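Text of work_10.txt, listed as compact mmCIF, C-alpha atoms:
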# COMPACT_ATOMS: atom_id res chain seq x y z
CA MET A 1 18.61 -3.56 17.17
CA ILE A 2 15.58 -4.86 15.28
CA LEU A 3 15.52 -6.37 11.79
CA VAL A 4 12.46 -5.21 9.89
CA GLY A 5 11.05 -5.67 6.43
CA ASP A 6 8.36 -4.31 4.13
CA ILE A 7 7.61 -7.19 1.78
CA GLY A 8 5.70 -6.49 -1.43
CA GLY A 9 5.13 -8.08 -4.80
CA THR A 10 7.65 -5.78 -6.49
CA HIS A 11 10.19 -4.83 -3.82
CA THR A 12 11.42 -6.27 -0.53
CA ARG A 13 12.81 -3.56 1.72
CA LEU A 14 14.91 -4.71 4.71
CA ALA A 15 16.47 -2.55 7.41
CA LEU A 16 18.09 -2.57 10.82
CA LEU A 17 16.56 -0.06 13.23
CA SER A 18 17.59 1.03 16.69
CA GLN A 19 15.86 3.21 19.25
CA LYS A 20 17.49 6.35 20.61
CA GLU A 21 15.70 8.62 23.06
CA GLY A 22 12.38 7.10 22.08
CA ARG A 23 12.88 7.66 18.35
CA LEU A 24 13.53 4.98 15.76
CA VAL A 25 16.81 5.37 13.87
CA LEU A 26 17.47 3.70 10.51
CA GLU A 27 20.91 2.10 10.78
CA ARG A 28 21.06 0.17 7.51
CA GLU A 29 18.66 -0.42 4.64
CA ARG A 30 18.57 -2.28 1.34
CA ILE A 31 15.90 -2.83 -1.32
CA TYR A 32 15.70 -6.10 -3.26
CA PRO A 33 13.63 -6.89 -6.39
CA SER A 34 11.25 -9.49 -4.96
CA ARG A 35 10.81 -11.57 -8.10
CA GLU A 36 14.56 -12.06 -8.50
CA HIS A 37 14.70 -14.14 -5.31
CA PRO A 38 13.14 -17.50 -4.37
CA GLY A 39 11.95 -16.35 -0.96
CA LEU A 40 12.37 -14.05 2.02
CA THR A 41 14.69 -16.38 3.95
CA GLU A 42 17.35 -16.09 1.25
CA ILE A 43 17.08 -12.29 1.20
CA VAL A 44 17.41 -12.10 4.99
CA THR A 45 20.53 -14.28 4.82
CA HIS A 46 22.05 -12.01 2.19
CA PHE A 47 21.15 -8.84 4.08
CA MET A 48 22.61 -10.07 7.39
CA GLY A 49 25.87 -11.12 5.72
CA ASP A 50 28.38 -12.36 8.28
CA LYS A 51 25.89 -11.86 11.12
CA SER A 52 28.32 -9.57 12.95
CA VAL A 53 25.23 -7.83 14.31
CA LEU A 54 22.52 -10.16 15.61
CA PRO A 55 19.20 -8.32 16.06
CA GLU A 56 17.18 -8.86 19.22
CA ALA A 57 14.06 -9.49 17.14
CA ALA A 58 12.68 -9.33 13.63
CA CYS A 59 9.32 -8.29 12.21
CA PHE A 60 8.21 -8.33 8.60
CA GLY A 61 5.18 -6.63 7.09
CA ILE A 62 3.83 -8.97 4.41
CA ALA A 63 1.58 -7.97 1.51
CA GLY A 64 -0.97 -10.69 2.10
CA PRO A 65 -2.89 -12.52 4.83
CA VAL A 66 -0.82 -13.77 7.77
CA LEU A 67 -2.08 -16.77 9.73
CA ASN A 68 -0.24 -18.65 12.48
CA GLY A 69 3.17 -17.26 11.57
CA ARG A 70 2.85 -18.10 7.87
CA ALA A 71 1.94 -15.95 4.90
CA ASN A 72 1.27 -16.39 1.21
CA VAL A 73 2.47 -13.19 -0.40
CA SER A 74 -0.19 -11.73 -2.67
CA ASN A 75 1.06 -11.15 -6.24
CA LEU A 76 4.22 -13.15 -5.51
CA ALA A 77 4.84 -16.92 -5.42
CA TRP A 78 6.31 -16.93 -1.91
CA VAL A 79 5.31 -18.70 1.27
CA VAL A 80 6.92 -16.97 4.25
CA ASP A 81 7.33 -18.87 7.51
CA ALA A 82 8.44 -17.08 10.68
CA LEU A 83 9.85 -20.25 12.29
CA HIS A 84 11.91 -21.07 9.20
CA ILE A 85 13.38 -17.55 9.10
CA SER A 86 14.17 -17.71 12.82
CA ARG A 87 15.95 -21.05 12.56
CA ASN A 88 17.91 -20.01 9.48
CA SER A 89 18.98 -16.59 10.80
CA ALA A 90 19.33 -17.40 14.53
CA ILE A 91 17.10 -14.40 15.25
CA SER A 92 14.40 -14.90 17.86
CA PRO A 93 11.63 -13.92 18.05
CA VAL A 94 10.44 -13.35 14.46
CA TRP A 95 6.99 -11.94 13.77
CA LEU A 96 5.03 -11.70 10.54
CA ILE A 97 2.24 -9.15 10.23
CA ASN A 98 0.17 -7.79 7.36
CA ASP A 99 1.96 -4.91 5.61
CA LEU A 100 -0.90 -2.45 6.11
CA MET A 101 -1.00 -3.33 9.80
CA ALA A 102 2.69 -2.40 9.87
CA HIS A 103 1.84 0.92 8.21
CA ALA A 104 -0.83 1.50 10.85
CA CYS A 105 1.65 0.83 13.65
CA GLY A 106 4.06 3.29 12.05
CA ILE A 107 1.70 6.27 12.02
CA VAL A 108 2.90 7.30 15.50
CA ASP A 109 6.39 7.94 14.07
CA LEU A 110 5.20 10.31 11.35
CA GLU A 111 5.81 14.04 11.48
CA ASP A 112 3.79 16.81 9.86
CA ALA A 113 6.12 16.83 6.86
CA ASP A 114 5.28 13.16 6.23
CA LEU A 115 1.58 13.92 5.69
CA ILE A 116 -0.25 15.74 2.91
CA VAL A 117 -3.76 16.82 3.92
CA LEU A 118 -6.42 16.04 1.31
CA ASN A 119 -9.36 16.85 3.58
CA THR A 120 -9.04 18.74 6.84
CA GLY A 121 -12.22 17.30 8.34
CA THR A 122 -12.98 17.68 12.02
CA ALA A 123 -10.51 16.64 14.71
CA CYS A 124 -12.13 13.72 16.50
CA SER A 125 -10.98 10.68 18.47
CA GLY A 126 -12.31 7.53 16.90
CA HIS A 127 -11.58 4.63 14.59
CA ALA A 128 -9.27 5.23 11.63
CA ALA A 129 -8.18 3.25 8.58
CA LEU A 130 -5.51 2.98 5.90
CA ILE A 131 -5.68 2.26 2.19
CA ALA A 132 -2.64 1.74 -0.01
CA ALA A 133 -2.37 1.02 -3.73
CA GLY A 134 0.91 -0.38 -5.00
CA THR A 135 1.59 -3.72 -6.64
CA GLY A 136 -1.73 -4.66 -5.05
CA LEU A 137 -4.31 -2.90 -2.88
CA GLY A 138 -4.06 -3.07 0.90
CA GLU A 139 -6.51 -1.96 3.57
CA ALA A 140 -6.36 -1.98 7.36
CA GLY A 141 -8.32 -0.59 10.28
CA ILE A 142 -7.32 1.12 13.51
CA PHE A 143 -9.73 0.47 16.38
CA TRP A 144 -10.06 3.20 19.04
CA ASP A 145 -11.10 1.89 22.48
CA GLY A 146 -11.35 5.31 24.11
CA SER A 147 -7.74 5.56 25.21
CA ALA A 148 -5.60 3.54 22.79
CA TYR A 149 -5.38 2.58 19.13
CA HIS A 150 -5.35 -1.07 18.04
CA PRO A 151 -4.37 -1.65 14.38
CA PHE A 152 -5.88 -4.69 12.72
CA PRO A 153 -5.32 -6.17 9.24
CA GLY A 154 -7.78 -6.61 6.41
CA GLU A 155 -7.92 -7.90 2.85
CA GLY A 156 -10.39 -5.37 1.51
CA GLY A 157 -8.39 -4.98 -1.68
CA HIS A 158 -9.77 -8.33 -2.81
CA ALA A 159 -13.40 -7.37 -2.12
CA ASP A 160 -15.75 -6.64 -5.02
CA LEU A 161 -15.26 -3.47 -7.05
CA ALA A 162 -18.30 -1.18 -7.05
CA PRO A 163 -18.76 0.93 -10.23
CA GLY A 164 -19.79 4.52 -9.58
CA ASN A 165 -20.98 5.61 -13.02
CA GLU A 166 -21.71 4.29 -16.52
CA LEU A 167 -18.08 4.38 -17.64
CA GLU A 168 -16.98 2.44 -14.56
CA SER A 169 -19.81 -0.04 -15.16
CA ALA A 170 -18.43 -0.62 -18.66
CA LEU A 171 -14.95 -1.03 -17.14
CA HIS A 172 -16.36 -3.55 -14.65
CA ALA A 173 -17.98 -5.54 -17.44
CA TYR A 174 -14.72 -5.51 -19.41
CA LEU A 175 -12.76 -6.77 -16.40
CA MET A 176 -15.37 -9.42 -15.59
CA LYS A 177 -14.96 -10.93 -19.06
CA ARG A 178 -11.20 -10.86 -18.59
CA PHE A 179 -10.84 -12.07 -14.98
CA GLY A 180 -14.17 -13.43 -13.78
CA HIS A 181 -14.14 -11.97 -10.27
CA VAL A 182 -13.48 -8.22 -10.29
CA SER A 183 -11.81 -7.07 -7.10
CA CYS A 184 -10.88 -3.49 -6.23
CA GLU A 185 -7.27 -4.47 -6.84
CA ARG A 186 -8.02 -5.03 -10.54
CA VAL A 187 -8.13 -1.24 -10.85
CA LEU A 188 -6.39 0.10 -7.74
CA SER A 189 -2.85 -1.18 -8.27
CA GLY A 190 0.02 -0.91 -10.69
CA PRO A 191 -1.36 -3.73 -12.86
CA GLY A 192 -4.78 -2.10 -12.40
CA ILE A 193 -3.60 1.07 -14.11
CA LYS A 194 -2.64 -1.02 -17.13
CA ASN A 195 -6.06 -2.76 -16.97
CA VAL A 196 -7.81 0.60 -17.18
CA TYR A 197 -5.58 1.67 -20.06
CA ASP A 198 -6.37 -1.55 -21.93
CA PHE A 199 -10.10 -0.97 -21.38
CA LEU A 200 -9.96 2.54 -22.84
CA HIS A 201 -7.98 1.29 -25.82
CA ASP A 202 -9.87 -1.95 -26.49
CA SER A 203 -13.24 -0.22 -26.11
CA LYS A 204 -12.10 2.50 -28.55
CA ILE A 205 -12.90 5.19 -26.02
CA GLU A 206 -9.39 6.61 -26.45
CA GLN A 207 -6.84 6.32 -29.24
CA GLU A 208 -3.37 4.90 -28.61
CA PRO A 209 -0.59 6.80 -30.41
CA SER A 210 1.83 4.53 -32.25
CA TRP A 211 4.82 5.95 -30.38
CA LEU A 212 3.16 5.16 -27.05
CA LYS A 213 2.32 1.62 -28.11
CA GLU A 214 5.97 1.02 -28.96
CA GLU A 215 7.21 2.45 -25.68
CA LEU A 216 4.74 0.40 -23.64
CA GLU A 217 5.78 -2.78 -25.43
CA ARG A 218 9.40 -2.13 -24.49
CA SER A 219 8.69 -0.99 -20.92
CA LEU A 220 9.28 -3.22 -17.90
CA ASP A 221 6.75 -1.13 -15.95
CA PRO A 222 3.90 0.02 -18.24
CA ALA A 223 1.86 1.42 -15.33
CA ALA A 224 4.68 3.75 -14.30
CA LEU A 225 5.06 4.92 -17.89
CA ILE A 226 1.32 5.53 -18.24
CA SER A 227 1.30 7.50 -14.98
CA GLN A 228 4.34 9.54 -16.03
CA TYR A 229 2.84 10.52 -19.37
CA ALA A 230 -0.46 11.32 -17.69
CA MET A 231 1.28 13.71 -15.30
CA GLU A 232 3.18 15.24 -18.22
CA THR A 233 -0.09 15.49 -20.26
CA LYS A 234 1.64 13.79 -23.20
CA ALA A 235 -1.21 11.45 -24.16
CA PRO A 236 -4.99 11.81 -23.55
CA ILE A 237 -5.39 8.04 -23.07
CA CYS A 238 -2.88 8.15 -20.21
CA GLU A 239 -4.58 11.16 -18.63
CA HIS A 240 -7.99 9.49 -18.85
CA THR A 241 -6.56 6.29 -17.35
CA LEU A 242 -5.18 8.11 -14.34
CA ASP A 243 -8.38 10.13 -13.88
CA ILE A 244 -10.36 6.89 -13.61
CA PHE A 245 -7.78 5.40 -11.24
CA VAL A 246 -7.86 8.42 -8.90
CA SER A 247 -11.65 8.58 -8.90
CA VAL A 248 -12.04 4.87 -8.09
CA TYR A 249 -9.35 5.26 -5.42
CA GLY A 250 -11.31 8.05 -3.75
CA ALA A 251 -14.55 6.06 -3.92
CA GLU A 252 -13.00 2.99 -2.27
CA ALA A 253 -11.36 5.15 0.40
CA GLY A 254 -14.82 6.54 1.16
CA ASN A 255 -16.23 3.01 1.30
CA LEU A 256 -13.54 2.04 3.81
CA ALA A 257 -14.30 5.10 5.92
CA LEU A 258 -17.96 4.10 6.10
CA ARG A 259 -17.24 0.44 6.86
CA VAL A 260 -15.21 1.20 9.97
CA MET A 261 -16.73 4.61 10.85
CA ALA A 262 -13.29 6.14 10.47
CA VAL A 263 -14.07 9.52 12.03
CA GLY A 264 -10.49 9.49 13.34
CA GLY A 265 -9.19 9.71 9.79
CA ILE A 266 -8.36 7.91 6.58
CA PHE A 267 -4.68 7.56 5.71
CA VAL A 268 -3.60 6.93 2.12
CA SER A 269 -0.28 5.13 1.72
CA GLY A 270 1.37 2.89 -0.87
CA GLY A 271 3.83 3.41 -3.67
CA ILE A 272 1.57 5.08 -6.24
CA ALA A 273 -0.14 8.00 -4.49
CA GLY A 274 3.02 9.97 -3.74
CA LYS A 275 4.16 9.70 -7.35
CA ILE A 276 0.94 11.23 -8.67
CA LEU A 277 0.50 13.76 -5.87
CA PRO A 278 -0.92 16.61 -8.02
CA LYS A 279 -3.66 14.27 -9.24
CA MET A 280 -4.38 13.09 -5.69
CA GLN A 281 -4.65 16.71 -4.55
CA GLY A 282 -6.98 17.55 -7.43
CA PRO A 283 -10.77 17.40 -7.23
CA LEU A 284 -11.37 13.83 -8.43
CA PHE A 285 -10.24 11.89 -5.36
CA MET A 286 -12.22 13.82 -2.77
CA LYS A 287 -15.25 14.20 -5.04
CA ALA A 288 -15.52 10.41 -5.29
CA PHE A 289 -14.70 10.01 -1.60
CA LEU A 290 -17.63 12.22 -0.61
CA ALA A 291 -20.17 10.90 -3.14
CA LYS A 292 -22.04 8.66 -0.69
CA GLY A 293 -25.55 10.08 -0.79
CA ARG A 294 -26.96 10.55 2.71
CA MET A 295 -23.52 9.90 4.24
CA THR A 296 -21.78 12.76 2.43
CA SER A 297 -21.98 15.09 5.44
CA LEU A 298 -20.45 12.42 7.66
CA LEU A 299 -17.53 11.91 5.27
CA GLU A 300 -16.95 15.65 5.03
CA SER A 301 -15.94 15.48 8.71
CA VAL A 302 -13.36 12.71 8.13
CA PRO A 303 -9.73 13.90 7.91
CA VAL A 304 -7.96 12.41 4.89
CA LYS A 305 -4.16 12.43 4.82
CA LEU A 306 -1.68 11.07 2.31
CA ILE A 307 1.49 9.51 3.75
CA VAL A 308 4.67 10.39 1.83
CA ASN A 309 7.22 8.73 4.14
CA GLU A 310 8.38 5.58 2.35
CA HIS A 311 9.75 4.10 5.59
CA ILE A 312 6.42 3.89 7.40
CA GLY A 313 6.20 0.11 6.94
CA LEU A 314 9.66 -0.36 8.44
CA PHE A 315 8.94 1.92 11.40
CA GLY A 316 5.63 0.18 11.99
CA ALA A 317 7.19 -3.29 11.93
CA ALA A 318 9.74 -2.10 14.50
CA ARG A 319 7.02 -0.60 16.71
CA TYR A 320 5.09 -3.86 16.59
CA ALA A 321 8.18 -5.86 17.56
CA MET A 322 8.94 -3.48 20.44
CA MET A 323 5.36 -3.69 21.67
CA ARG A 324 5.45 -7.49 21.61
CA GLN A 325 8.88 -7.70 23.22
CA GLU A 326 8.05 -5.32 26.02
CA LYS A 327 4.48 -6.60 26.35
CA ALA A 328 3.54 -2.96 26.22
CA SER A 329 0.07 -1.52 26.04
CA PRO A 330 -1.41 -0.79 22.59
CA ILE A 331 -0.23 2.20 20.59
CA ARG A 332 -1.22 5.41 22.35
CA SER A 333 -2.57 8.47 20.66
Would you put the structure from the file into structure tokens?
Amino acid sequence: MILVGDIGGTHTRLALLSQKEGRLVLERERIYPSREHPGLTEIVTHFMGDKSVLPEAACFGIAGPVLNGRANVSNLAWVVDALHISRNSAISPVWLINDLMAHACGIVDLEDADLIVLNTGTACSGHAALIAAGTGLGEAGIFWDGSAYHPFPGEGGHADLAPGNELESALHAYLMKRFGHVSCERVLSGPGIKNVYDFLHDSKIEQEPSWLKEELERSLDPAALISQYAMETKAPICEHTLDIFVSVYGAEAGNLALRVMAVGGIFVSGGIAGKILPKMQGPLFMKAFLAKGRMTSLLESVPVKLIVNEHIGLFGAARYAMMRQEKASPIRS
């Protein structure tokens, strides 16, 4: 039995997983609102209850950089310490890894039904990468050494945003005045969707209906409401917001593919993409993905797949723990 977690700025998902005939089985799972708790240690204590089942190991995918067994969670005022969790829970060993690295480790457990193909590309062994917009923006790479895959973490979501047209340049200027440094995450995230909406409204590019203004003021999750009304075509400002989001998402996914020569594929994960699937399958994402000048033909060969299995982070954390426990070779293709 392995205790695993997918730790984000909005939700903390914990689960107990076992392995049966080589397949991971979800035994118990619970989702906690992250901001309602002072830290991960307290959530682990609550989840384990009377400790009638003591896992052999624990691994947590953290939305943020992990160094020497400690992590500062991006978009959440938590410091997570593996040693502190181990001592408090009596579980040993405990590993912390970047959440997108966990997603990368979990790809091997996906089935065809867990993947939506956005670009068929050309089947080819080689490096791959993941990108995931949720509360923040995560990116990770998967190095191919000729016989095995080696996931590695990144913090590309905090790299500079690159505008792709005049409208996006105006958006960049708007965000620069507001935040100073403009990272990709300022657009490609839940809060980023609201940032784009505010830009369209404040710049008077789109009108905000009075009924929508009232609903957004009452909403605990304005980005989700904007996305919902965009999908339902209830307000042009919402539709335009999501169009910009999807286009910038595709452009950054293409940037990531070029940075790591991801001829083995780009995987899109995270909590937003699956909820706006028709938009992701529309022309905007792949058009922006491919718009790389002389590199367009290269990117046309890159398979692009959207992950719709919400447990990938948990499976990946378990796979990482098993690999470390067994001192196994890297993840095989």
For Val79 (chain A), which residue out of A:Ile7, A:Leu118, A:Ala15, A:Cys238 is the nearest one, using all atoms listed in the file?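 The answer is A:Ile7, which sits nearest to Val79 (chain A).
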Work out how far CA of Arg186 (chain A) is from CA of Ser219 (chain A), in Å to one decimal.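 Taking CA of Ser219 (chain A) and CA of Arg186 (chain A), their separation equals 20.1 Å.
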Can you pull out the residues contacting Ser92 (chain A)? Cut-off 9 Å, using only C-alpha atoms, and skip same-chain residues under 4 positions away; I want them as a list of chain:residue names.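 These residues fall inside the cut-off: A:Pro55, A:Glu56, A:Ala57, A:Ala58, A:Leu83, A:Ser86, A:Arg87.
Across the structure, CA of Gly264 (chain A) and CA of Ser125 (chain A) are spaced 5.3 Å apart.
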Selection near Phe143 (chain A), 12 Å with only C-alpha atoms, sequence-local residues under 4 positions removed, as a PDB file with C-alpha atoms, in the frame of the given file:
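Output file around-v4.pdb follows:
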ATOM      1  CA  MET A 101      -1.000  -3.330   9.800  1.00  0.00           C
ATOM      2  CA  ALA A 104      -0.830   1.500  10.850  1.00  0.00           C
ATOM      3  CA  CYS A 105       1.650   0.830  13.650  1.00  0.00           C
ATOM      4  CA  SER A 125     -10.980  10.680  18.470  1.00  0.00           C
ATOM      5  CA  GLY A 126     -12.310   7.530  16.900  1.00  0.00           C
ATOM      6  CA  HIS A 127     -11.580   4.630  14.590  1.00  0.00           C
ATOM      7  CA  ALA A 128      -9.270   5.230  11.630  1.00  0.00           C
ATOM      8  CA  ALA A 129      -8.180   3.250   8.580  1.00  0.00           C
ATOM      9  CA  LEU A 130      -5.510   2.980   5.900  1.00  0.00           C
ATOM     10  CA  SER A 147      -7.740   5.560  25.210  1.00  0.00           C
ATOM     11  CA  ALA A 148      -5.600   3.540  22.790  1.00  0.00           C
ATOM     12  CA  TYR A 149      -5.380   2.580  19.130  1.00  0.00           C
ATOM     13  CA  HIS A 150      -5.350  -1.070  18.040  1.00  0.00           C
ATOM     14  CA  PRO A 151      -4.370  -1.650  14.380  1.00  0.00           C
ATOM     15  CA  PHE A 152      -5.880  -4.690  12.720  1.00  0.00           C
ATOM     16  CA  PRO A 153      -5.320  -6.170   9.240  1.00  0.00           C
ATOM     17  CA  VAL A 260     -15.210   1.200   9.970  1.00  0.00           C
ATOM     18  CA  MET A 261     -16.730   4.610  10.850  1.00  0.00           C
ATOM     19  CA  ALA A 262     -13.290   6.140  10.470  1.00  0.00           C
ATOM     20  CA  VAL A 263     -14.070   9.520  12.030  1.00  0.00           C
ATOM     21  CA  GLY A 264     -10.490   9.490  13.340  1.00  0.00           C
ATOM     22  CA  GLY A 265      -9.190   9.710   9.790  1.00  0.00           C
ATOM     23  CA  PRO A 330      -1.410  -0.790  22.590  1.00  0.00           C
ATOM     24  CA  ILE A 331      -0.230   2.200  20.590  1.00  0.00           C
ATOM     25  CA  ARG A 332      -1.220   5.410  22.350  1.00  0.00           C
ATOM     26  CA  SER A 333      -2.570   8.470  20.660  1.00  0.00           C
TER      27      SER A 333
END
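If you look at CA of Tyr249 (chain A) and CA of Leu298 (chain A), they are 18.6 Å away from each other.
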Contact residues around Leu54 (chain A) with all atoms listed in the file at 12 Å, ignoring same-chain residues under 4 positions, as a ChimeraX atom specification: /A:1-3,16-17,44-45,47-50,58,86,89-93
Nearest to Ser189 (chain A): which of A:His172, A:Lys305, A:Lys213, A:His158 is it, counting only C-alpha atoms? A:His158
Need the shell around region 266-272 of chain A: protein/DNA/RNA residues with any atom at most 10 Å away, counting all atoms listed in the file. Skip same-chain ones fewer than 2 positions apart. Format as a ChimeraX atom specification? /A:100,103-104,107,115-119,127-142,188-190,223-224,227,249-250,253-254,256-257,261-264,274-277,280,302-310,312-313
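Shortest separation to Ala170 (chain A) among A:Ser183, A:Ser203, A:Gln228, A:Asn98 occurs at residue A:Ser203, atoms counted being all atoms listed in the file.
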